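Participant: Here you go, this is protein.txt (compact mmCIF, C-alpha atoms and all ligand atoms).
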```
# COMPACT_ATOMS: atom_id res chain seq x y z
CA MET A 1 -26.67 22.72 6.43
CA ARG A 2 -27.36 26.28 5.46
CA CYS A 3 -30.13 25.90 2.91
CA SER A 4 -33.80 26.00 3.61
CA GLY A 5 -34.54 22.77 1.80
CA LEU A 6 -33.22 20.03 -0.40
CA MET A 7 -35.12 21.48 -3.35
CA LEU A 8 -32.74 24.44 -3.39
CA LEU A 9 -29.74 22.16 -3.80
CA PHE A 10 -30.96 20.14 -6.78
CA GLU A 11 -31.47 21.74 -10.18
CA PRO A 12 -33.01 19.78 -13.08
CA LEU A 13 -30.08 19.70 -15.50
CA TYR A 14 -31.78 18.63 -18.71
CA LEU A 15 -34.66 21.05 -18.28
CA ALA A 16 -32.13 23.88 -17.88
CA TYR A 17 -30.38 22.72 -21.05
CA LEU A 18 -33.66 22.66 -23.03
CA MET A 19 -34.49 26.15 -21.84
CA THR A 20 -31.13 27.58 -22.93
CA THR A 21 -30.62 25.73 -26.23
CA ARG A 22 -31.89 27.71 -29.19
CA SER A 23 -32.43 24.68 -31.43
CA PRO A 24 -35.86 23.01 -31.75
CA PHE A 25 -33.90 19.74 -32.22
CA PRO A 26 -31.62 19.53 -29.16
CA LEU A 27 -28.34 17.74 -29.83
CA VAL A 28 -27.93 16.47 -26.29
CA GLN A 29 -30.09 13.57 -25.21
CA PRO A 30 -30.34 12.61 -21.52
CA LEU A 31 -29.53 9.02 -20.57
CA PRO A 32 -30.75 8.17 -17.06
CA SER A 33 -27.85 5.74 -16.89
CA ILE A 34 -24.76 4.73 -14.99
CA ALA A 35 -21.65 3.72 -16.93
CA GLN A 36 -21.02 0.06 -16.05
CA ARG A 37 -18.18 -0.94 -18.39
CA LEU A 38 -15.89 0.91 -20.74
CA GLU A 39 -14.50 -1.00 -23.73
CA PRO A 40 -11.93 1.45 -25.13
CA GLU A 41 -10.66 -0.82 -27.92
CA ALA A 42 -14.22 -1.16 -29.27
CA ASN A 43 -15.11 2.52 -28.61
CA ARG A 44 -18.14 1.67 -26.57
CA VAL A 45 -19.60 2.03 -23.08
CA VAL A 46 -22.10 -0.32 -21.48
CA VAL A 47 -24.68 1.54 -19.37
CA SER A 48 -27.74 0.67 -17.31
CA THR A 49 -30.15 2.54 -15.08
CA ASN A 50 -28.51 1.14 -11.93
CA ALA A 51 -25.86 -1.41 -10.95
CA ALA A 52 -28.42 -4.23 -10.39
CA ASP A 53 -30.27 -3.66 -13.67
CA GLN A 54 -29.70 -6.50 -16.15
CA ARG A 55 -31.08 -4.44 -19.06
CA GLN A 56 -27.83 -2.97 -20.27
CA GLN A 57 -27.46 -0.69 -23.24
CA ILE A 58 -24.38 -0.32 -25.42
CA ILE A 59 -23.39 3.17 -26.52
CA GLU A 60 -20.83 3.54 -29.30
CA TYR A 61 -18.78 6.72 -29.35
CA ASN A 62 -16.34 8.70 -31.46
CA ALA A 63 -15.12 10.63 -28.45
CA LEU A 64 -15.74 10.02 -24.77
CA VAL A 65 -15.37 12.36 -21.78
CA ILE A 66 -15.03 10.73 -18.36
CA ALA A 67 -16.33 13.15 -15.72
CA THR A 68 -17.62 10.71 -13.12
CA GLY A 69 -15.95 12.43 -10.17
CA SER A 70 -15.67 10.79 -6.78
CA SER A 71 -17.71 9.39 -3.89
CA CYS A 72 -17.42 9.57 -0.13
CA LYS A 73 -16.87 6.70 2.26
CA ASP A 74 -19.81 4.59 3.49
CA ASP A 75 -22.30 6.30 1.15
CA MET A 76 -22.02 9.62 2.99
CA PRO A 77 -24.16 12.04 0.92
CA PHE A 78 -21.50 14.77 0.69
CA LYS A 79 -21.26 13.78 -2.97
CA ASN A 80 -23.93 12.27 -5.23
CA LEU A 81 -25.04 8.74 -4.39
CA SER A 82 -26.24 6.43 -7.19
CA ASN A 83 -29.03 8.83 -8.23
CA THR A 84 -30.66 12.09 -7.16
CA GLU A 85 -33.45 10.40 -5.22
CA SER A 86 -31.09 8.29 -3.11
CA THR A 87 -28.88 11.34 -2.53
CA LYS A 88 -31.86 13.33 -1.26
CA GLN A 89 -32.91 10.42 0.96
CA GLY A 90 -29.33 10.04 2.26
CA MET A 91 -29.17 13.75 3.14
CA GLN A 92 -32.55 13.72 4.82
CA SER A 93 -31.69 10.65 6.87
CA LEU A 94 -28.34 12.14 7.95
CA ARG A 95 -30.08 15.36 8.98
CA GLU A 96 -32.58 13.42 11.09
CA ARG A 97 -29.88 11.35 12.75
CA ILE A 98 -27.83 14.47 13.51
CA ALA A 99 -30.87 16.22 15.00
CA THR A 100 -31.51 13.38 17.45
CA ALA A 101 -27.88 12.48 18.28
CA ARG A 102 -26.59 13.51 21.69
CA SER A 103 -23.01 12.40 20.98
CA LEU A 104 -21.49 12.56 17.53
CA VAL A 105 -18.03 11.84 16.11
CA VAL A 106 -16.81 13.40 12.85
CA ALA A 107 -13.66 11.62 11.66
CA GLY A 108 -11.33 13.28 9.13
CA ALA A 109 -9.63 16.69 9.21
CA GLY A 110 -9.84 17.44 5.49
CA LEU A 111 -12.16 20.08 4.03
CA THR A 112 -15.23 17.87 4.43
CA GLY A 113 -14.60 16.99 8.08
CA VAL A 114 -13.69 20.54 9.08
CA GLU A 115 -16.66 22.12 7.28
CA LEU A 116 -19.09 19.57 8.67
CA ALA A 117 -17.74 19.89 12.23
CA GLY A 118 -17.89 23.69 11.86
CA GLU A 119 -21.50 23.59 10.68
CA LEU A 120 -22.49 21.32 13.56
CA GLY A 121 -20.61 23.45 16.08
CA GLN A 122 -22.26 26.59 14.70
CA GLU A 123 -25.70 25.03 14.92
CA TYR A 124 -25.30 23.45 18.36
CA GLY A 125 -22.38 25.29 20.05
CA PRO A 126 -21.70 28.83 21.34
CA SER A 127 -20.00 31.52 19.24
CA ALA A 128 -16.22 31.99 18.83
CA SER A 129 -13.62 34.28 17.37
CA LYS A 130 -10.24 32.56 16.95
CA ASP A 131 -8.88 32.16 13.49
CA THR A 132 -7.25 28.80 12.86
CA VAL A 133 -8.99 25.55 12.09
CA VAL A 134 -8.28 23.82 15.41
CA GLY A 135 -8.77 27.07 17.35
CA GLU A 136 -12.09 27.76 15.65
CA LEU A 137 -13.42 24.26 16.18
CA THR A 138 -12.27 24.20 19.81
CA GLN A 139 -14.02 27.52 20.41
CA LEU A 140 -17.19 25.93 19.09
CA LYS A 141 -16.84 23.47 22.02
CA LEU A 142 -15.95 20.62 19.71
CA LYS A 143 -13.34 18.19 20.99
CA VAL A 144 -10.58 18.07 18.37
CA MET A 145 -8.20 15.08 18.32
CA THR A 146 -5.19 15.53 16.06
CA ASN A 147 -2.74 12.80 14.92
CA THR A 148 -5.49 10.25 15.44
CA ARG A 149 -6.89 7.66 13.02
CA VAL A 150 -10.08 5.61 13.18
CA VAL A 151 -8.97 1.96 12.90
CA ASP A 152 -12.20 0.13 13.73
CA VAL A 153 -15.91 0.88 14.03
CA SER A 154 -18.52 -1.39 15.58
CA THR A 155 -22.25 -0.85 15.84
CA ALA A 156 -24.25 -2.14 18.82
CA PRO A 157 -27.76 -3.57 18.22
CA ALA A 158 -29.28 -0.33 19.61
CA GLY A 159 -27.46 1.58 16.85
CA LYS A 160 -24.76 3.20 19.02
CA GLN A 161 -21.31 3.11 17.48
CA SER A 162 -17.95 2.52 19.22
CA LEU A 163 -14.69 3.55 17.63
CA VAL A 164 -11.18 2.28 18.10
CA LEU A 165 -8.69 5.10 17.49
CA GLN A 166 -4.95 5.06 17.06
CA ARG A 167 -3.20 8.15 18.35
CA THR A 168 0.41 8.81 17.34
CA ASP A 169 2.65 10.92 19.55
CA LYS A 170 4.21 13.65 17.38
CA VAL A 171 7.53 13.62 19.29
CA THR A 172 8.15 9.92 20.01
CA ASP A 173 6.09 8.53 17.09
CA ASN A 174 4.63 5.96 19.53
CA ALA A 175 1.08 4.86 18.77
CA ALA A 176 -1.54 4.36 21.48
CA THR A 177 -4.94 2.71 21.06
CA ILE A 178 -7.99 4.54 22.42
CA ARG A 179 -11.56 3.29 22.62
CA THR A 180 -14.22 6.02 22.49
CA PRO A 181 -17.38 5.91 24.58
CA LYS A 182 -20.32 4.83 22.42
CA ALA A 183 -21.51 7.62 20.12
CA ASP A 184 -25.04 8.05 18.72
CA LEU A 185 -23.63 8.88 15.31
CA TYR A 186 -20.28 8.42 13.60
CA ILE A 187 -19.71 10.36 10.37
CA PRO A 188 -16.67 9.35 8.31
CA ALA A 189 -15.54 12.47 6.45
CA PHE A 190 -12.40 11.06 4.88
CA SER A 191 -11.39 8.76 2.03
CA VAL A 192 -12.95 10.22 -1.11
CA ARG A 193 -12.59 7.64 -3.90
CA PRO A 194 -12.79 8.22 -7.68
CA ASN A 195 -15.82 6.72 -9.47
CA ILE A 196 -13.94 4.58 -11.94
CA THR A 197 -15.21 1.01 -11.42
CA PHE A 198 -16.30 0.92 -15.08
CA VAL A 199 -12.84 1.87 -16.41
CA PRO A 200 -10.34 -0.90 -17.32
CA GLU A 201 -7.56 -1.17 -14.76
CA GLU A 202 -4.77 -0.52 -17.25
CA MET A 203 -6.16 3.00 -17.77
CA LEU A 204 -5.76 3.87 -14.05
CA ASP A 205 -2.81 5.15 -12.04
CA PHE A 206 -1.69 3.80 -8.63
CA ASP A 207 -4.31 6.02 -6.94
CA GLY A 208 -7.11 4.59 -9.06
CA ARG A 209 -7.63 7.71 -11.19
CA VAL A 210 -7.71 7.77 -14.99
CA LYS A 211 -4.20 8.38 -16.32
CA ILE A 212 -4.25 11.40 -18.60
CA ASP A 213 -1.85 13.74 -20.34
CA ARG A 214 -2.38 16.92 -18.35
CA THR A 215 -1.64 19.22 -21.28
CA THR A 216 -4.43 17.75 -23.43
CA LEU A 217 -6.61 15.94 -20.84
CA GLN A 218 -6.54 12.86 -23.10
CA ALA A 219 -6.25 9.35 -21.65
CA THR A 220 -2.66 8.20 -22.07
CA ARG A 221 -3.43 5.30 -24.42
CA TYR A 222 -6.60 6.54 -26.11
CA ALA A 223 -6.61 9.88 -27.91
CA ASN A 224 -10.42 9.85 -28.23
CA ILE A 225 -10.99 9.50 -24.48
CA PHE A 226 -10.78 12.67 -22.35
CA ALA A 227 -11.05 12.79 -18.58
CA PHE A 228 -11.03 15.56 -16.01
CA GLY A 229 -11.97 16.44 -12.45
CA ASP A 230 -11.76 14.04 -9.53
CA ALA A 231 -11.85 10.95 -11.78
CA ALA A 232 -8.64 11.93 -13.61
CA ASN A 233 -5.09 12.27 -12.38
CA ALA A 234 -4.12 15.66 -13.85
CA GLN A 235 -4.26 17.56 -10.56
CA THR A 236 -5.51 17.21 -7.00
CA ALA A 237 -9.22 16.55 -6.62
CA THR A 238 -10.74 20.00 -6.09
CA SER A 239 -13.54 21.82 -7.85
CA LYS A 240 -11.10 24.66 -8.57
CA HIS A 241 -9.09 22.27 -10.71
CA ALA A 242 -12.16 20.58 -12.22
CA ASP A 243 -13.45 24.03 -13.16
CA ALA A 244 -10.18 25.09 -14.84
CA GLN A 245 -10.11 21.80 -16.75
CA VAL A 246 -13.70 22.25 -17.98
CA ARG A 247 -12.88 25.75 -19.18
CA CYS A 248 -9.95 24.33 -21.13
CA LEU A 249 -11.61 21.15 -22.39
CA ALA A 250 -14.88 22.60 -23.71
CA PRO A 251 -13.23 24.74 -26.42
CA ALA A 252 -10.35 22.25 -26.90
CA MET A 253 -12.75 19.48 -27.87
CA GLN A 254 -14.17 21.63 -30.63
CA HIS A 255 -10.65 21.94 -32.08
CA TRP A 256 -10.06 18.21 -31.68
CA LEU A 257 -13.37 17.27 -33.35
CA ALA A 258 -12.51 19.59 -36.27
CA GLY A 259 -9.11 17.85 -36.64
CA ARG A 260 -7.10 20.83 -35.37
CA PRO A 261 -4.36 20.69 -32.67
CA ILE A 262 -5.61 21.02 -29.11
CA PRO A 263 -4.62 24.27 -27.31
CA PRO A 264 -2.61 23.13 -24.25
CA ASN A 265 -4.14 23.02 -20.81
CA LYS A 266 -2.03 25.21 -18.50
CA ALA A 267 -2.49 23.50 -15.16
CA ASP A 268 -2.05 25.88 -12.23
CA ASP A 269 -1.01 23.95 -9.12
CA THR A 270 -0.84 26.94 -6.75
CA PHE A 271 -1.94 25.64 -3.37
CA VAL A 272 -5.36 27.16 -2.63
CA PHE A 273 -7.96 26.15 -0.13
CA ALA A 274 -10.81 27.86 1.61
CA VAL A 275 -12.68 26.18 4.40
CA THR A 276 -15.81 27.45 6.11
CA MET A 277 -16.82 26.69 9.68
CA GLY A 278 -20.42 27.77 9.72
CA PRO A 279 -21.66 30.94 7.98
CA ASN A 280 -19.56 33.36 10.04
CA ARG A 281 -16.07 31.96 10.03
CA GLY A 282 -13.48 30.21 7.96
CA THR A 283 -9.87 30.17 6.98
CA GLY A 284 -7.76 29.31 3.96
CA GLN A 285 -4.54 29.66 2.06
CA LEU A 286 -3.53 31.06 -1.33
CA GLY A 287 0.04 30.02 -2.15
CA SER A 288 1.98 31.16 0.92
CA TRP A 289 -0.69 33.71 1.95
CA ARG A 290 -3.19 33.04 4.66
CA LEU A 291 -6.74 33.97 3.63
CA TRP A 292 -8.48 36.16 6.20
CA ALA A 293 -11.75 34.97 7.64
CA TRP A 294 -13.64 38.01 6.32
CA ILE A 295 -12.71 37.02 2.74
CA ILE A 296 -14.18 33.54 3.27
CA ARG A 297 -17.21 35.06 5.00
CA GLY A 298 -17.81 37.50 2.16
CA THR A 299 -17.38 34.95 -0.63
CA ILE A 300 -18.38 31.35 0.04
CA ALA A 301 -19.37 30.96 3.71
CA LYS A 302 -22.89 32.28 3.45
CA HIS A 303 -24.20 30.12 0.60
CA LEU A 304 -21.43 27.59 -0.17
CA GLY A 305 -22.05 28.19 -3.87
CA THR A 306 -25.76 27.29 -3.75
CA ASP A 307 -26.58 30.92 -4.68
CA TYR A 308 -25.02 30.60 -8.14
CA ALA A 309 -25.57 26.87 -8.79
CA PRO A 310 -28.67 27.52 -11.00
CA GLU A 311 -26.52 29.72 -13.25
CA ILE A 312 -23.97 26.90 -13.64
CA VAL A 313 -26.73 24.42 -14.48
CA ALA A 314 -28.13 26.84 -17.04
CA GLY A 315 -24.69 26.98 -18.69
CA ASN A 316 -24.29 30.70 -18.03
CA ARG A 317 -21.23 30.47 -15.80
CA THR A 318 -18.72 28.07 -14.26
CA ILE A 319 -17.56 28.09 -10.64
CA THR A 320 -14.90 30.74 -11.28
CA GLN A 321 -15.89 32.31 -14.61
CA THR A 322 -19.00 34.42 -14.18
CA ARG A 323 -19.66 34.81 -17.93
CA TRP A 324 -19.50 31.59 -19.93
C1 LIG B 1 -17.97 18.19 1.37
C2 LIG B 1 -17.06 18.61 0.25
C3 LIG B 1 -16.61 19.91 0.20
C4 LIG B 1 -15.79 20.33 -0.85
N1 LIG B 1 -15.38 21.63 -0.87
C5 LIG B 1 -14.57 22.04 -1.86
C6 LIG B 1 -14.13 23.39 -1.89
O1 LIG B 1 -14.44 24.21 -1.02
N2 LIG B 1 -13.32 23.78 -2.91
C7 LIG B 1 -12.93 22.91 -3.90
O2 LIG B 1 -12.21 23.33 -4.83
N3 LIG B 1 -13.35 21.61 -3.90
C8 LIG B 1 -14.15 21.16 -2.89
N4 LIG B 1 -14.57 19.84 -2.88
C9 LIG B 1 -14.15 18.94 -3.98
C10 LIG B 1 -15.13 19.07 -5.14
O3 LIG B 1 -16.44 18.79 -4.71
C11 LIG B 1 -14.74 18.09 -6.25
O4 LIG B 1 -13.38 18.29 -6.57
C12 LIG B 1 -15.60 18.33 -7.49
O5 LIG B 1 -16.96 18.04 -7.20
C13 LIG B 1 -15.14 17.43 -8.64
O6 LIG B 1 -15.99 17.62 -9.73
P1 LIG B 1 -16.20 16.47 -10.82
O7 LIG B 1 -17.02 17.10 -11.88
O8 LIG B 1 -14.90 15.86 -11.18
O9 LIG B 1 -17.03 15.31 -10.10
P2 LIG B 1 -18.36 15.25 -9.25
O10 LIG B 1 -18.75 16.59 -8.74
O11 LIG B 1 -18.12 14.16 -8.25
O12 LIG B 1 -19.47 14.79 -10.31
C14 LIG B 1 -19.44 13.51 -10.89
C15 LIG B 1 -20.82 13.16 -11.45
O13 LIG B 1 -20.74 11.90 -12.15
C16 LIG B 1 -21.78 11.04 -11.71
N5 LIG B 1 -21.31 9.64 -11.83
C17 LIG B 1 -20.53 8.94 -10.98
N6 LIG B 1 -20.30 7.69 -11.43
C18 LIG B 1 -20.97 7.59 -12.62
C19 LIG B 1 -21.12 6.54 -13.57
N7 LIG B 1 -20.53 5.35 -13.42
N8 LIG B 1 -21.88 6.79 -14.66
C20 LIG B 1 -22.47 8.01 -14.85
N9 LIG B 1 -22.36 9.03 -13.98
C21 LIG B 1 -21.61 8.83 -12.87
C22 LIG B 1 -22.03 11.46 -10.27
O14 LIG B 1 -23.33 11.07 -9.86
C23 LIG B 1 -21.87 12.98 -10.36
O15 LIG B 1 -23.06 13.58 -10.80
C24 LIG B 1 -15.39 19.40 -1.86
C25 LIG B 1 -15.84 18.08 -1.79
C26 LIG B 1 -16.66 17.67 -0.74
C27 LIG B 1 -17.10 16.23 -0.68
```
Mind converting the file's structure to structure tokens?
Ligand SMILES: Cc1cc2nc3c(=O)[nH]c(=O)nc-3n(C[C@H](O)[C@H](O)[C@H](O)COP(=O)(O)OP(=O)(O)OC[C@H]3O[C@@H](n4cnc5c(N)ncnc54)[C@H](O)[C@@H]3O)c2cc1C
Facilitator:
Amino acid sequence: MRCSGLMLLFEPLYLAYLMTTRSPFPLVQPLPSIAQRLEPEANRVVVSTNAADQRQQIIEYNALVIATGSSCKDDMPFKNLSNTESTKQGMQSLRERIATARSLVVAGAGLTGVELAGELGQEYGPSASKDTVVGELTQLKLKVMTNTRVVDVSTAPAGKQSLVLQRTDKVTDNAATIRTPKADLYIPAFSVRPNITFVPEEMLDFDGRVKIDRTTLQATRYANIFAFGDAANAQTATSKHADAQVRCLAPAMQHWLAGRPIPPNKADDTFVFAVTMGPNRGTGQLGSWRLWAWIIRGTIAKHLGTDYAPEIVAGNRTITQTRW
């Protein structure tokens, strides 16, 4: 990971808010809490400091915004864990296990898997120049297996992990089972799930995301509940979409609270992705255009957004809008 320490990745949110608010009586109060149960008919949310805590608190609301995002499989710390401390510990422990592993399997060829494999290859492999995802990773001396799924994982008492893989032949569609030699570390980088366990099932779609009207970002049955980002089903789960929805929702809520019609959210579904493979390479797509590696290098590859994160926390910008 390309930052010199965990401290650089974590910004104290409430402190930043207090420093930017001009009022001596700040309107926003922090609640070190996790939403445990939403009762939409009663307009209230039950919260507690963690899932095991019996001391629950009820919060009544006039309007609610669900922005609980998503989590990665098996508590992988690519997204927040239950709190900042456990996320830091999870990242530190993963770093230590990676540093001592002699054999390592990254499963999943989405953005997370590709970026992680690229970072590891960059750190531990020789340099490369080809320009496609598989080509780049292969050049980094990583073994890439396509059309292959992890179907079982077992851990030996010594901690080594064996995987059972299912490989499908692209031409014949026949599936073959493969057992991998034991690996020191297996990192699942697939299956991101929305954080919606506190939301009643009837508010969710078949994918488990909050059903919303994508022109207003309101929950389909409750006009005073808004949802956006990975937890909601307006668009695919990317920060580009979450960012566009925030930029729409923040001013829209002011209209809604004042009893005025909500300006419509104009969802842009143009296919865009940018994936880095270490600080010096990457690839991507914008609509039908391939993004050149130098664009990725010059924009996100070096810092992965950590360079402007403090400005977001301070409320001065969003991911895409530099003045906010
Ligand atoms: C490794 C990785 C790389 C990515 N790269 C890209 C990329 O290059 N480009 C891109 O567009 N997208 C990328 N994404 C996707 C992007 O991170 C998400 O789409 C984005 O973070 C969604 O933002 P969000 O605000 O909806 O949720 P999140 O960022 O997940 O934030 C949700 C917050 O809610 C908190 N929370 C969760 N449950 C509760 C609860 N019950 N009560 C209270 N709080 C709760 C969480 O702790 C967290 O702080 C990447 C994702 C991963 C994992």
Participant: Choose the residue, out of A:Gln321, A:Thr148, A:Ser154, A:Thr197, that has the smallest atom-to-atom separation from Leu38 of chain A; count all atoms listed in the file.
Facilitator: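 Closest candidate: A:Thr197.
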Participant: Around ligand LIG 1 (chain B), at most 6 Å away and counting only C-alpha atoms and all ligand atoms, which residues are there? Put them as a PyMOL selection string, please.
Facilitator: chain A and resi 34-36+67-70+78-80+111-112+195+229-231+237-240+242+274
Participant: Grab the residues selected above and save them as a tab-separated table (two decimals), in the coordinates of the input with C-alpha atoms.
Facilitator:
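Contents of the output file part.tsv:
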```tsv
chain	number	residue	atom	x	y	z
A	34	ILE	CA	-24.76	4.73	-14.99
A	35	ALA	CA	-21.65	3.72	-16.93
A	36	GLN	CA	-21.02	0.06	-16.05
A	67	ALA	CA	-16.33	13.15	-15.72
A	68	THR	CA	-17.62	10.71	-13.12
A	69	GLY	CA	-15.95	12.43	-10.17
A	70	SER	CA	-15.67	10.79	-6.78
A	78	PHE	CA	-21.50	14.77	0.69
A	79	LYS	CA	-21.26	13.78	-2.97
A	80	ASN	CA	-23.93	12.27	-5.23
A	111	LEU	CA	-12.16	20.08	4.03
A	112	THR	CA	-15.23	17.87	4.43
A	195	ASN	CA	-15.82	6.72	-9.47
A	229	GLY	CA	-11.97	16.44	-12.45
A	230	ASP	CA	-11.76	14.04	-9.53
A	231	ALA	CA	-11.85	10.95	-11.78
A	237	ALA	CA	-9.22	16.55	-6.62
A	238	THR	CA	-10.74	20.00	-6.09
A	239	SER	CA	-13.54	21.82	-7.85
A	240	LYS	CA	-11.10	24.66	-8.57
A	242	ALA	CA	-12.16	20.58	-12.22
A	274	ALA	CA	-10.81	27.86	1.61
```
Participant: Restricting the calculation to all atoms listed in the file, which member of A:Leu120, A:Ile66, A:Asn43, A:Phe190 is positioned closest to Ala219 of chain A?
Facilitator: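 Nearest to Ala219 of chain A: A:Ile66.
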Participant: For Ser82 of chain A, find every residue with an atom within 12 Å (counting only C-alpha atoms), except residues of its own chain fewer than 2 positions away, and show them as a list in words.
Facilitator: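 The neighbour list is Pro32, Ser33, Ile34, Ala35, Ser48, Thr49, Asn50, Ala51, Ala52, Thr68, Ser70, Ser71, Cys72, Asp75, Met76, Pro77, Lys79, Asn80, Thr84, Glu85, Ser86, Thr87, Lys88, Gln89, Gly90 and Asn195 of chain A.
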Participant: Which is closer to Gly118 of chain A than all the others in A:Ile312, A:Ile98, A:Val65, A:Val275, using only C-alpha atoms?
Facilitator: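 Of A:Ile312, A:Ile98, A:Val65, A:Val275, the one nearest Gly118 of chain A is A:Val275, counting only C-alpha atoms.
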Participant: Could you tell me which of A:Met277, A:Leu8, A:Ala117, A:Val153 comes closest to Ala301 of chain A if we count only C-alpha atoms?
Facilitator: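 When distances to Ala301 of chain A are compared using only C-alpha atoms, the smallest one comes from A:Met277.
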Participant: Could you check which of A:Phe226, A:Tyr186, A:Trp289, A:Phe271 is closest to Val164 of chain A, using only C-alpha atoms?
Facilitator: A:Tyr186
Participant: Using only C-alpha atoms, which residues sit within 6 Å of Gln285 of chain A once same-chain residues fewer than 6 positions away are excluded, as a list in words?
Facilitator: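 Returned residues: Val272, Phe273 and Leu291 of chain A.
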Participant: Take atom CA of Ala183 of chain A and atom CA of Ala101 of chain A and report the distance between them in Å, one decimal.
Facilitator: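 If I compute the distance from atom CA of Ala183 of chain A to atom CA of Ala101 of chain A, I get 8.2 Å.
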Participant: State, in Å with one decimal place, the distance from atom CA of Thr21 of chain A to atom CA of Ala63 of chain A.
Facilitator: 21.8 Å
Participant: Let me have the centre and edge lengths of the axis-aligned box enclosing all listed atoms of segment 195-210 of chain A with 6 Å padding on every side, in Å to one decimal, as JSON.
Facilitator:
```
{"center_x": -9.0, "center_y": 3.3, "center_z": -12.4, "size_x": 26.6, "size_y": 20.9, "size_z": 22.8}
```
Participant: Suppose you want the space between atom CA of Thr320 of chain A and atom CA of Gly208 of chain A; what is it in Å?
Facilitator: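 Computing the Euclidean distance for atom CA of Thr320 of chain A and atom CA of Gly208 of chain A yields 27.4 Å.
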Participant: My list of candidates is A:Thr20, A:Thr146, A:Asn83, A:Gln57. Which is closest to Val45 of chain A when distances are computed with all atoms listed in the file?
Facilitator: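 Of A:Thr20, A:Thr146, A:Asn83, A:Gln57, the one nearest Val45 of chain A, counting all atoms listed in the file, is A:Gln57.
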Participant: Give me the residues near Thr155 of chain A as a list in words, where near means some atom within 12 Å (using only C-alpha atoms) and where sequence neighbours in that chain fewer than 2 positions away do not count.
Facilitator: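 Final neighbour list, sorted by chain and number: Asp152, Val153, Pro157, Ala158, Gly159, Lys160, Gln161, Ser162, Leu163, Val164, Lys182, Ala183, Asp184, Leu185 and Tyr186 of chain A.
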